[in-house]
>>> print(open('my_file-v8.csv').read())   # CSV, C-alpha atoms
chain,number,residue,atom,x,y,z
A,77,MET,CA,19.7,-2.6,18.3
A,78,ARG,CA,19.8,-5.4,15.7
A,79,ALA,CA,17.8,-6.4,12.6
A,80,LEU,CA,16.5,-9.9,11.9
A,81,ILE,CA,15.6,-11.0,8.4
A,82,PRO,CA,13.9,-14.4,8.0
A,83,PHE,CA,15.0,-15.8,4.7
A,84,LYS,CA,14.1,-18.9,2.6
A,85,LYS,CA,15.7,-19.4,-0.8
A,86,GLU,CA,15.0,-23.0,-1.6
A,87,ASN,CA,12.0,-23.2,-3.9
A,88,ALA,CA,10.9,-19.8,-2.5
A,89,LYS,CA,7.9,-17.7,-3.8
A,90,SER,CA,5.9,-20.5,-5.3
A,91,ARG,CA,3.2,-18.0,-6.1
A,92,LEU,CA,5.5,-16.4,-8.7
A,93,SER,CA,5.8,-19.7,-10.6
A,94,ALA,CA,3.6,-18.5,-13.3
A,95,VAL,CA,6.2,-15.9,-14.3
A,96,LEU,CA,9.6,-17.2,-13.0
A,97,THR,CA,11.2,-20.7,-12.9
A,98,GLN,CA,12.4,-22.1,-9.6
A,99,SER,CA,16.0,-21.1,-10.3
A,100,GLU,CA,14.9,-17.6,-11.3
A,101,ARG,CA,12.8,-17.3,-8.1
A,102,GLU,CA,15.8,-18.4,-6.0
A,103,GLU,CA,17.9,-15.8,-7.7
A,104,PHE,CA,15.2,-13.1,-7.4
A,105,VAL,CA,14.6,-13.6,-3.6
A,106,GLU,CA,18.4,-13.3,-3.0
A,107,LEU,CA,18.4,-10.0,-4.9
A,108,MET,CA,15.4,-8.7,-2.9
A,109,LEU,CA,17.3,-9.7,0.3
A,110,LEU,CA,20.3,-7.8,-0.9
A,111,ASP,CA,18.2,-4.7,-1.4
A,112,VAL,CA,16.8,-4.9,2.1
A,113,ILE,CA,20.3,-5.5,3.6
A,114,ASN,CA,21.8,-2.5,1.6
A,115,THR,CA,19.0,-0.3,2.9
A,116,LEU,CA,19.6,-1.4,6.5
A,117,ASN,CA,23.3,-0.7,6.1
A,118,SER,CA,22.6,2.7,4.7
A,119,ALA,CA,20.5,3.4,7.7
A,120,ASN,CA,23.5,2.4,9.8
A,121,ILE,CA,22.1,-0.9,11.0
A,122,ASN,CA,25.0,-3.3,10.7
A,123,GLN,CA,24.1,-6.0,13.2
A,124,ILE,CA,22.0,-8.1,10.9
A,125,ASP,CA,20.9,-11.6,11.6
A,126,ILE,CA,19.6,-13.9,8.9
A,127,LEU,CA,17.3,-16.6,10.1
A,128,SER,CA,17.0,-19.7,7.9
A,129,THR,CA,15.9,-23.2,8.2
A,130,SER,CA,18.6,-24.5,6.0
A,131,GLU,CA,22.3,-24.0,5.3
A,132,TYR,CA,21.3,-23.9,1.6
A,133,ASP,CA,19.8,-20.5,2.1
A,134,SER,CA,23.0,-18.7,3.1
A,135,ILE,CA,24.4,-16.1,0.7
A,136,THR,CA,28.2,-15.6,0.6
A,137,ASN,CA,30.5,-12.6,0.9
A,138,MET,CA,28.2,-10.6,3.2
A,139,ASN,CA,29.0,-9.5,6.7
A,140,LEU,CA,25.9,-11.2,8.2
A,141,ASN,CA,25.2,-13.5,11.1
A,142,TYR,CA,23.6,-16.7,10.0
A,143,LEU,CA,21.2,-18.5,12.4
A,144,ILE,CA,19.9,-21.8,11.3
A,145,ASP,CA,16.8,-23.0,13.1
A,146,SER,CA,14.9,-25.9,11.7
A,147,ALA,CA,11.7,-24.8,13.6
A,148,ASP,CA,8.9,-23.1,11.7
A,149,LEU,CA,9.0,-19.3,11.1
A,150,ASN,CA,7.2,-18.4,14.3
A,151,GLN,CA,9.0,-20.8,16.6
A,152,GLY,CA,12.3,-19.8,15.1
A,153,ILE,CA,11.7,-16.1,15.6
A,154,ASN,CA,10.4,-16.6,19.1
A,155,ASN,CA,13.4,-18.6,20.0
A,156,TYR,CA,15.5,-15.7,18.8
A,157,LEU,CA,13.5,-13.1,20.8
A,158,ASN,CA,14.1,-15.2,23.9
A,159,MET,CA,17.8,-15.0,23.2
A,160,ILE,CA,18.4,-11.3,22.5
A,161,LYS,CA,18.4,-8.5,25.0
A,162,GLU,CA,18.0,-5.4,22.8
A,163,PRO,CA,15.5,-3.8,20.4
A,164,VAL,CA,15.1,-5.6,17.1
A,165,LEU,CA,13.7,-4.7,13.7
A,166,ILE,CA,12.2,-7.8,12.0
A,167,ILE,CA,11.9,-7.1,8.4
A,168,MET,CA,10.9,-9.6,5.7
A,169,ALA,CA,13.3,-10.3,2.8
A,170,ASP,CA,10.6,-9.6,0.2
A,171,VAL,CA,10.0,-5.9,0.8
A,172,PRO,CA,12.6,-4.5,-1.6
A,173,LEU,CA,10.9,-1.1,-1.9
A,174,VAL,CA,12.1,-0.2,1.5
A,175,LYS,CA,14.0,3.1,1.8
A,176,VAL,CA,16.4,4.5,4.3
A,177,GLU,CA,13.8,7.1,5.5
A,178,HIS,CA,11.4,4.3,6.4
A,179,ILE,CA,14.0,2.6,8.6
A,180,GLU,CA,15.2,5.8,10.2
A,181,ASN,CA,11.6,6.8,10.9
A,182,ILE,CA,10.5,3.4,12.3
A,183,ILE,CA,13.5,3.0,14.6
A,184,SER,CA,13.2,6.5,16.0
A,185,SER,CA,9.6,5.9,17.1
A,186,LYS,CA,8.8,6.6,20.7
A,187,GLU,CA,6.3,3.7,20.9
A,188,ASP,CA,7.3,0.2,22.3
A,189,VAL,CA,6.3,-1.6,19.1
A,190,VAL,CA,5.9,-0.5,15.5
A,191,ILE,CA,3.9,-2.7,13.1
A,192,VAL,CA,4.0,-2.2,9.4
A,193,PRO,CA,1.1,-3.9,7.8
A,194,GLY,CA,1.4,-5.8,4.5
A,195,ARG,CA,-1.3,-6.3,2.0
A,196,GLY,CA,-3.8,-9.0,2.9
A,197,GLY,CA,-3.4,-8.9,6.7
A,198,GLY,CA,0.4,-9.5,6.8
A,199,THR,CA,3.1,-7.9,8.9
A,200,ASN,CA,6.0,-6.8,6.8
A,201,VAL,CA,8.1,-5.0,9.4
A,202,LEU,CA,8.0,-5.2,13.2
A,203,PHE,CA,10.1,-3.1,15.5
A,204,ILE,CA,10.2,-4.4,19.0
A,205,LYS,CA,11.9,-2.6,21.8
A,206,ASN,CA,11.3,-5.3,24.5
A,207,PRO,CA,11.9,-8.7,22.9
A,208,ASP,CA,11.1,-10.4,26.2
A,209,MET,CA,7.6,-9.0,26.0
A,210,PHE,CA,6.7,-10.2,22.5
A,211,LYS,CA,5.9,-13.4,20.7
A,212,VAL,CA,5.4,-13.3,16.9
A,213,CYS,CA,2.5,-15.0,15.1
A,214,TYR,CA,3.0,-14.8,11.4
A,215,TYR,CA,0.8,-16.2,8.7
A,216,GLY,CA,-2.9,-15.5,8.2
A,217,MET,CA,-4.1,-12.5,10.1
A,218,SER,CA,-0.7,-11.6,11.5
A,219,PHE,CA,-1.3,-7.9,11.5
A,220,LYS,CA,-4.3,-8.4,13.9
A,221,ASN,CA,-2.4,-11.0,15.9
A,222,HIS,CA,0.5,-8.6,16.5
A,223,CYS,CA,-1.8,-5.7,17.4
A,224,SER,CA,-3.3,-8.0,20.0
A,225,VAL,CA,0.0,-9.0,21.4
A,226,VAL,CA,0.8,-5.3,21.9
A,227,ASN,CA,-2.5,-4.6,23.6
A,228,ASN,CA,-2.4,-7.7,25.8
A,229,THR,CA,1.0,-6.8,27.1
A,230,CYS,CA,0.0,-3.1,27.7
A,231,GLN,CA,2.7,-1.8,25.4
A,232,SER,CA,2.4,1.3,23.2
A,233,LEU,CA,1.8,0.8,19.5
A,234,ARG,CA,2.5,2.7,16.3
A,235,ILE,CA,1.0,1.4,13.1
A,236,TYR,CA,3.2,2.6,10.3
A,237,ASP,CA,1.3,3.4,7.1
A,238,SER,CA,3.5,2.9,4.0
A,239,PHE,CA,2.5,1.7,0.5
A,240,LEU,CA,6.1,0.8,-0.3
A,241,LEU,CA,6.5,-1.3,2.8
A,242,SER,CA,3.1,-2.9,2.5
A,243,THR,CA,4.3,-4.3,-0.8
A,244,ASP,CA,5.7,-7.7,-0.2
A,245,ILE,CA,6.5,-9.5,-3.4
A,246,ASP,CA,4.4,-12.7,-3.5
A,247,GLU,CA,2.4,-12.6,-6.7
A,248,PRO,CA,3.2,-11.5,-10.2
A,249,GLN,CA,1.1,-8.4,-9.9
A,250,ASP,CA,3.4,-7.3,-7.0
A,251,ILE,CA,6.3,-7.1,-9.4
A,252,VAL,CA,4.5,-4.2,-11.1
A,253,GLU,CA,5.3,-2.1,-8.1
A,254,ILE,CA,9.0,-3.0,-8.3
A,255,LEU,CA,8.9,-1.7,-11.9
A,256,LEU,CA,7.1,1.5,-10.9
A,257,HIS,CA,8.7,2.3,-7.5
A,258,GLY,CA,11.7,0.0,-7.1
A,259,HIS,CA,15.4,0.4,-7.1
A,260,GLY,CA,18.6,-1.6,-6.7
A,261,HIS,CA,19.1,-5.2,-7.7
A,262,SER,CA,15.5,-6.3,-7.7
A,263,PHE,CA,14.5,-3.4,-9.9
A,264,GLU,CA,17.2,-4.3,-12.4
A,265,TYR,CA,16.3,-7.9,-12.4
A,266,ALA,CA,12.5,-7.3,-12.9
A,267,ASN,CA,13.2,-4.6,-15.5
A,268,ASN,CA,15.2,-7.0,-17.6
A,269,LYS,CA,12.5,-9.7,-17.5
A,270,PHE,CA,9.2,-7.8,-17.6
A,271,LYS,CA,7.4,-4.8,-18.9
A,272,LEU,CA,4.1,-3.2,-18.1
A,273,GLU,CA,0.9,-3.3,-20.1
A,274,ALA,CA,-1.5,-0.4,-19.6
A,275,GLY,CA,-5.3,-0.5,-20.0
A,276,ARG,CA,-8.0,1.3,-18.1
A,277,ALA,CA,-7.5,-0.9,-15.0
A,278,ARG,CA,-4.3,-1.5,-13.0
A,279,LEU,CA,-1.2,-2.1,-15.0
A,280,LYS,CA,-0.4,-5.7,-15.8
A,281,LEU,CA,2.9,-7.5,-15.8
A,282,ILE,CA,4.0,-9.2,-19.1
A,283,ASN,CA,7.2,-11.0,-20.0
A,284,ILE,CA,9.6,-9.2,-22.3
B,103,MET,CA,-8.8,25.5,-1.5
B,104,ARG,CA,-11.4,23.0,-2.7
B,105,ALA,CA,-11.7,19.3,-3.2
B,106,LEU,CA,-12.9,17.5,-6.3
B,107,ILE,CA,-14.2,13.9,-6.2
B,108,PRO,CA,-14.9,12.3,-9.6
B,109,PHE,CA,-17.8,9.9,-9.0
B,110,LYS,CA,-19.7,7.3,-11.1
B,111,LYS,CA,-22.5,5.3,-9.6
B,112,GLU,CA,-24.2,3.7,-12.5
B,113,ASN,CA,-23.0,0.2,-13.0
B,114,ALA,CA,-19.8,1.2,-11.1
B,115,LYS,CA,-17.0,-1.2,-10.1
B,116,SER,CA,-17.6,-3.9,-12.6
B,117,ARG,CA,-14.6,-5.8,-11.3
B,118,LEU,CA,-16.4,-6.4,-8.1
B,119,SER,CA,-19.2,-8.2,-10.0
B,120,ALA,CA,-17.9,-11.6,-8.7
B,121,VAL,CA,-18.9,-10.6,-5.2
B,122,LEU,CA,-21.6,-7.9,-5.5
B,123,THR,CA,-24.6,-7.4,-7.7
B,124,GLN,CA,-25.0,-4.2,-9.7
B,125,SER,CA,-27.4,-2.6,-7.2
B,126,GLU,CA,-25.1,-3.7,-4.3
B,127,ARG,CA,-22.1,-2.1,-6.1
B,128,GLU,CA,-24.0,1.1,-6.7
B,129,GLU,CA,-24.9,1.2,-3.0
B,130,PHE,CA,-21.3,0.4,-2.0
B,131,VAL,CA,-19.7,3.1,-4.1
B,132,GLU,CA,-22.0,5.7,-2.6
B,133,LEU,CA,-21.0,4.5,0.9
B,134,MET,CA,-17.3,4.8,0.0
B,135,LEU,CA,-17.9,8.3,-1.3
B,136,LEU,CA,-19.7,9.2,1.9
B,137,ASP,CA,-16.6,8.0,3.9
B,138,VAL,CA,-14.4,10.2,1.8
B,139,ILE,CA,-16.6,13.2,2.1
B,140,ASN,CA,-16.9,12.8,5.9
B,141,THR,CA,-13.1,12.6,6.2
B,142,LEU,CA,-12.7,15.8,4.1
B,143,ASN,CA,-15.3,17.5,6.3
B,144,SER,CA,-13.5,16.4,9.4
B,145,ALA,CA,-10.3,17.9,7.9
B,146,ASN,CA,-12.2,21.2,7.5
B,147,ILE,CA,-12.6,20.9,3.7
B,148,ASN,CA,-16.1,22.0,3.0
B,149,GLN,CA,-15.9,23.2,-0.6
B,150,ILE,CA,-16.4,19.8,-2.2
B,151,ASP,CA,-17.2,19.4,-5.9
B,152,ILE,CA,-18.5,16.1,-7.2
B,153,LEU,CA,-17.8,15.6,-10.9
B,154,SER,CA,-20.1,13.1,-12.7
B,155,THR,CA,-21.0,12.3,-16.2
B,156,SER,CA,-24.7,11.8,-15.4
B,157,GLU,CA,-27.4,13.3,-13.1
B,158,TYR,CA,-28.1,9.7,-12.0
B,159,ASP,CA,-24.9,9.7,-10.0
B,160,SER,CA,-25.9,12.5,-7.6
B,161,ILE,CA,-26.5,11.7,-4.0
B,162,THR,CA,-29.0,13.7,-2.1
B,163,ASN,CA,-29.0,15.5,1.2
B,164,MET,CA,-25.4,16.5,1.1
B,165,ASN,CA,-23.9,20.0,1.0
B,166,LEU,CA,-22.0,19.4,-2.2
B,167,ASN,CA,-21.6,21.1,-5.6
B,168,TYR,CA,-22.5,18.8,-8.4
B,169,LEU,CA,-20.8,19.3,-11.8
B,170,ILE,CA,-22.1,17.3,-14.7
B,171,ASP,CA,-19.7,17.0,-17.6
B,172,SER,CA,-20.4,14.3,-20.2
B,173,ALA,CA,-16.7,14.4,-21.3
B,174,ASP,CA,-14.5,11.5,-20.2
B,175,LEU,CA,-12.7,11.6,-16.8
B,176,ASN,CA,-9.6,13.3,-18.0
B,177,GLN,CA,-11.3,15.9,-20.2
B,178,GLY,CA,-13.9,16.6,-17.4
B,179,ILE,CA,-11.2,17.2,-14.8
B,180,ASN,CA,-9.1,19.3,-17.1
B,181,ASN,CA,-12.1,21.4,-17.9
B,182,TYR,CA,-12.5,21.9,-14.2
B,183,LEU,CA,-8.9,22.8,-13.7
B,184,ASN,CA,-9.2,25.5,-16.3
B,185,MET,CA,-12.1,26.9,-14.5
B,186,ILE,CA,-10.9,27.1,-10.9
B,187,LYS,CA,-8.3,29.6,-9.5
B,188,GLU,CA,-7.2,28.0,-6.2
B,189,PRO,CA,-5.5,24.9,-4.9
B,190,VAL,CA,-7.4,21.7,-5.3
B,191,LEU,CA,-7.3,18.2,-3.8
B,192,ILE,CA,-8.5,15.6,-6.3
B,193,ILE,CA,-9.4,12.5,-4.5
B,194,MET,CA,-11.0,9.3,-5.8
B,195,ALA,CA,-14.3,8.2,-4.4
B,196,ASP,CA,-13.0,4.6,-3.9
B,197,VAL,CA,-10.3,5.3,-1.2
B,198,PRO,CA,-12.5,4.9,1.9
B,199,LEU,CA,-9.5,4.1,4.1
B,200,VAL,CA,-8.5,7.8,4.0
B,201,LYS,CA,-8.0,9.4,7.4
B,202,VAL,CA,-8.1,13.0,8.6
B,203,GLU,CA,-4.3,12.9,9.2
B,204,HIS,CA,-3.7,12.0,5.6
B,205,ILE,CA,-5.6,15.0,4.3
B,206,GLU,CA,-4.1,17.5,6.8
B,207,ASN,CA,-0.6,16.2,6.0
B,208,ILE,CA,-1.1,16.4,2.3
B,209,ILE,CA,-2.6,19.8,2.1
B,210,SER,CA,0.1,21.3,4.4
B,211,SER,CA,2.9,20.2,2.0
B,212,LYS,CA,5.2,22.9,0.9
B,213,GLU,CA,5.6,21.3,-2.6
B,214,ASP,CA,3.5,22.5,-5.6
B,215,VAL,CA,2.1,19.1,-6.3
B,216,VAL,CA,1.5,16.0,-4.1
B,217,ILE,CA,0.9,12.6,-5.8
B,218,VAL,CA,-0.4,9.7,-3.8
B,219,PRO,CA,0.2,6.5,-5.9
B,220,GLY,CA,-2.4,3.8,-6.0
B,221,ARG,CA,-1.7,0.1,-6.6
B,222,GLY,CA,-0.9,-0.8,-10.1
B,223,GLY,CA,0.3,2.5,-11.4
B,224,GLY,CA,-2.7,4.6,-10.4
B,225,THR,CA,-3.1,8.0,-8.8
B,226,ASN,CA,-5.5,8.0,-5.9
B,227,VAL,CA,-5.0,11.5,-4.6
B,228,LEU,CA,-3.5,14.6,-6.3
B,229,PHE,CA,-3.0,17.9,-4.6
B,230,ILE,CA,-2.4,20.7,-7.1
B,231,LYS,CA,-1.6,24.2,-5.9
B,232,ASN,CA,-1.5,25.7,-9.4
B,233,PRO,CA,-4.4,24.3,-11.4
B,234,ASP,CA,-3.5,26.4,-14.5
B,235,MET,CA,-0.2,24.5,-14.6
B,236,PHE,CA,-1.6,21.0,-14.5
B,237,LYS,CA,-3.4,18.6,-16.9
B,238,VAL,CA,-4.4,15.2,-15.5
B,239,CYS,CA,-4.0,12.0,-17.4
B,240,TYR,CA,-5.7,9.1,-15.5
B,241,TYR,CA,-5.9,5.5,-16.6
B,242,GLY,CA,-3.0,3.2,-17.3
B,243,MET,CA,0.3,4.5,-16.0
B,244,SER,CA,-1.2,7.7,-14.4
B,245,PHE,CA,1.3,7.8,-11.6
B,246,LYS,CA,4.2,8.1,-14.1
B,247,ASN,CA,2.1,10.5,-16.3
B,248,HIS,CA,1.5,12.8,-13.4
B,249,CYS,CA,5.1,12.8,-12.2
B,250,SER,CA,6.1,13.7,-15.8
B,251,VAL,CA,3.6,16.6,-15.8
B,252,VAL,CA,5.2,18.0,-12.6
B,253,ASN,CA,8.7,17.6,-14.0
B,254,ASN,CA,7.9,19.1,-17.4
B,255,THR,CA,6.4,22.2,-15.8
B,256,CYS,CA,9.3,22.6,-13.4
B,257,GLN,CA,7.1,22.3,-10.3
B,258,SER,CA,8.2,20.7,-7.0
B,259,LEU,CA,6.8,17.3,-6.2
B,260,ARG,CA,6.1,15.2,-3.1
B,261,ILE,CA,5.2,11.6,-3.5
B,262,TYR,CA,3.1,10.6,-0.5
B,263,ASP,CA,3.7,7.0,0.6
B,264,SER,CA,0.6,5.6,2.2
B,265,PHE,CA,-0.7,2.0,2.2
B,266,LEU,CA,-4.2,3.1,3.2
B,267,LEU,CA,-4.4,5.7,0.4
B,268,SER,CA,-2.9,3.4,-2.1
B,269,THR,CA,-5.8,1.0,-1.6
B,270,ASP,CA,-8.5,1.9,-4.1
B,271,ILE,CA,-11.3,-0.6,-4.0
B,272,ASP,CA,-11.5,-2.2,-7.5
B,273,GLU,CA,-11.2,-5.9,-6.9
B,274,PRO,CA,-12.7,-8.3,-4.3
B,275,GLN,CA,-9.2,-8.7,-2.7
B,276,ASP,CA,-9.2,-5.0,-2.0
B,277,ILE,CA,-12.2,-5.3,0.3
B,278,VAL,CA,-10.0,-7.4,2.6
B,279,GLU,CA,-8.3,-4.1,3.5
B,280,ILE,CA,-11.6,-2.5,4.4
B,281,LEU,CA,-12.3,-5.3,6.8
B,282,LEU,CA,-8.8,-5.0,8.3
B,283,HIS,CA,-8.2,-1.3,8.3
B,284,GLY,CA,-11.5,0.4,7.4
B,285,HIS,CA,-14.0,2.5,9.2
B,286,GLY,CA,-17.3,4.2,8.6
B,287,HIS,CA,-20.1,3.2,6.2
B,288,SER,CA,-17.9,1.1,3.9
B,289,PHE,CA,-16.5,-0.9,6.8
B,290,GLU,CA,-20.0,-1.5,8.1
B,291,TYR,CA,-21.3,-2.6,4.7
B,292,ALA,CA,-18.4,-4.9,4.0
B,293,ASN,CA,-18.4,-6.3,7.5
B,294,ASN,CA,-22.1,-7.3,7.0
B,295,LYS,CA,-21.5,-9.1,3.7
B,296,PHE,CA,-18.0,-10.7,4.0
B,297,LYS,CA,-15.6,-12.4,6.3
B,298,LEU,CA,-11.9,-13.2,6.0
B,299,GLU,CA,-10.4,-16.6,5.4
B,300,ALA,CA,-6.9,-17.2,6.7
B,301,GLY,CA,-4.3,-19.5,5.3
B,302,ARG,CA,-0.5,-19.2,4.9
B,303,ALA,CA,-0.9,-16.6,2.1
B,304,ARG,CA,-2.8,-13.3,2.1
B,305,LEU,CA,-6.2,-13.3,3.6
B,306,LYS,CA,-9.1,-14.1,1.2
B,307,LEU,CA,-12.5,-12.6,1.1
B,308,ILE,CA,-15.5,-14.9,1.4
B,309,ASN,CA,-19.2,-14.2,1.5
B,310,ILE,CA,-20.9,-14.6,4.9
>>> encode(input="my_file-v8.csv", output="structure tokens")
Amino acid sequence: MRALIPFKKENAKSRLSAVLTQSEREEFVELMLLDVINTLNSANINQIDILSTSEYDSITNMNLNYLIDSADLNQGINNYLNMIKEPVLIIMADVPLVKVEHIENIISSKEDVVIVPGRGGGTNVLFIKNPDMFKVCYYGMSFKNHCSVVNNTCQSLRIYDSFLLSTDIDEPQDIVEILLHGHGHSFEYANNKFKLEAGRARLKLINI
Amino acid sequence: MRALIPFKKENAKSRLSAVLTQSEREEFVELMLLDVINTLNSANINQIDILSTSEYDSITNMNLNYLIDSADLNQGINNYLNMIKEPVLIIMADVPLVKVEHIENIISSKEDVVIVPGRGGGTNVLFIKNPDMFKVCYYGMSFKNHCSVVNNTCQSLRIYDSFLLSTDIDEPQDIVEILLHGHGHSFEYANNKFKLEAGRARLKLINI
């Protein structure tokens, strides 16, 4: 099996602009990607493909396969699924709370497809045993889209319920979860820049 | 074992004011509570105590024990823990995505304490085998507080990672998850009042 991580560095994570500059955001997404890669490696997944639309997005000194496809995310991944002939774990670069147990648990599933929902209708991880029977459809209601793909192709489905994996880092409030539950490079980065403010409601992120 | 659900109906969920009136919010929290109670009953938990600060908060026609304690949430629960002599599952009334499997899984844990983190540092479910060895400390960084209580009393701890249980319904955006992943009364209520709007980011809630 292999893993695919779609990755965009250039001006990434615009919804974090309120708390990080463009160059900080570009540094931060690379650190989150490194945490995801390290977790995959620790789970003995070493065939890792990084899908980008631009050469600019490549990070150096890592044993990774770079695929550049200028098509949009969905088309790029579907081109990839047409090409490979083995099970694939598609994991987003912005889920740095991922742990080895999650990966081991997901890839040992007996079902044909595992979908890990993200907050707000997204799909943060997708494990596909039969890539020729799947087309991705990210953005918007992708969780529902992907459930439909599984049902329409009569495959078996596991929905994997994880708070840590549901947490993709898109908005300042999401960084709170890195400070509380994170590890690795992304935790270190966030911990140097932010602290938490407590009240009676959810914790808020504030700059140090 | 027993379950405790702290519950407040009167002017509850003020952070939902942007999308629900006071009487709608009071109706909605009661429906979420009913979903939690029904799930507990389906998991064969029938000793359910409802802790409120006011008689107003009681709901009728249910086989529940009402405890009225005018102290604040923490003091009220700690008074209760001093009183009981058996394991207790403390579950918030605003986690209507809870399923029977969650409850069965949590209460069959071998550890002394199970903590289910909520978004933003909260504690949505707490399973305590030795109530005389625990004091709750909700609000603010309660997840960290409760981990410290376990460590300081040399008890064993399981942190239960669930997206569905991490979703307490505090803000309009949380209702998106009820529409996507919910069931029961709260799903029906939300589904009659709201729909989802898709873009490239997380789904947004809009009034029907």
>>> closest_residue(input="my_file-v8.csv", among="A:Val189, A:Leu143, A:Leu255, A:Ile182", to="Met209 in chain A", atoms="only C-alpha atoms")
A:Val189
>>> interface_residues(input="my_file-v8.csv", of="chain A", to="chain B", cutoff="8 Å", atoms="only C-alpha atoms", output="PyMOL selection string")
chain A and resi 195-198+215-217+220+237-242+249+252-253+256+274-280
>>> atom_distance(input="my_file-v8.csv", atom1="CA of Thr199 in chain A", atom2="CA of Met168 in chain A")
8.6 Å
>>> atom_distance(input="my_file-v8.csv", atom1="CA of Thr229 in chain A", atom2="CA of Ser184 in chain A")
21.2 Å
>>> closest_residue(input="my_file-v8.csv", among="A:Asn122, A:Asn228, A:Asn117, A:Ser128", to="Ala147 in chain A", atoms="all atoms listed in the file")
A:Ser128
>>> residues_around(input="my_file-v8.csv", residues="Ala195 in chain B", least_positions_apart="3", cutoff="9 Å", atoms="only C-alpha atoms", output="list in words")
Ile107, Pro108, Phe109, Lys110, Val131, Glu132, Met134, Leu135, Leu136, Asp137, Val138, Ile139, Pro198, Asn226 and Asp270 of chain B
>>> decode(input="my_file-v8.csv", residues="range 183-194 of chain A", atoms="N, CA and C atoms", output="CSV table (one decimal), in the first residue's frame")
chain,number,residue,atom,x,y,z
A,183,ILE,N,-5.7,1.3,8.6
A,183,ILE,CA,-5.2,0.4,7.5
A,183,ILE,C,-5.5,-1.1,7.7
A,184,SER,N,-5.8,-1.4,9.0
A,184,SER,CA,-6.1,-2.8,9.3
A,184,SER,C,-7.6,-3.1,9.2
A,185,SER,N,-8.4,-2.1,8.7
A,185,SER,CA,-9.8,-2.3,8.6
A,185,SER,C,-10.2,-3.4,7.6
A,186,LYS,N,-11.2,-4.1,7.8
A,186,LYS,CA,-11.6,-5.1,6.9
A,186,LYS,C,-12.5,-4.5,5.8
A,187,GLU,N,-13.0,-3.3,6.0
A,187,GLU,CA,-13.9,-2.7,5.0
A,187,GLU,C,-13.1,-2.2,3.8
A,188,ASP,N,-13.8,-2.1,2.7
A,188,ASP,CA,-13.2,-1.6,1.4
A,188,ASP,C,-12.7,-0.2,1.5
A,189,VAL,N,-13.5,0.6,2.2
A,189,VAL,CA,-13.2,2.1,2.3
A,189,VAL,C,-13.3,2.5,3.8
A,190,VAL,N,-12.4,3.4,4.2
A,190,VAL,CA,-12.5,4.0,5.5
A,190,VAL,C,-12.6,5.5,5.3
A,191,ILE,N,-13.6,6.2,5.8
A,191,ILE,CA,-13.7,7.6,5.7
A,191,ILE,C,-13.5,8.2,7.1
A,192,VAL,N,-12.6,9.2,7.3
A,192,VAL,CA,-12.5,9.9,8.6
A,192,VAL,C,-13.0,11.3,8.4
A,193,PRO,N,-14.2,11.6,8.9
A,193,PRO,CA,-14.8,12.9,8.7
A,193,PRO,C,-14.0,14.0,9.4
A,194,GLY,N,-13.9,15.1,8.8
A,194,GLY,CA,-13.4,16.3,9.4
A,194,GLY,C,-14.5,17.2,9.8
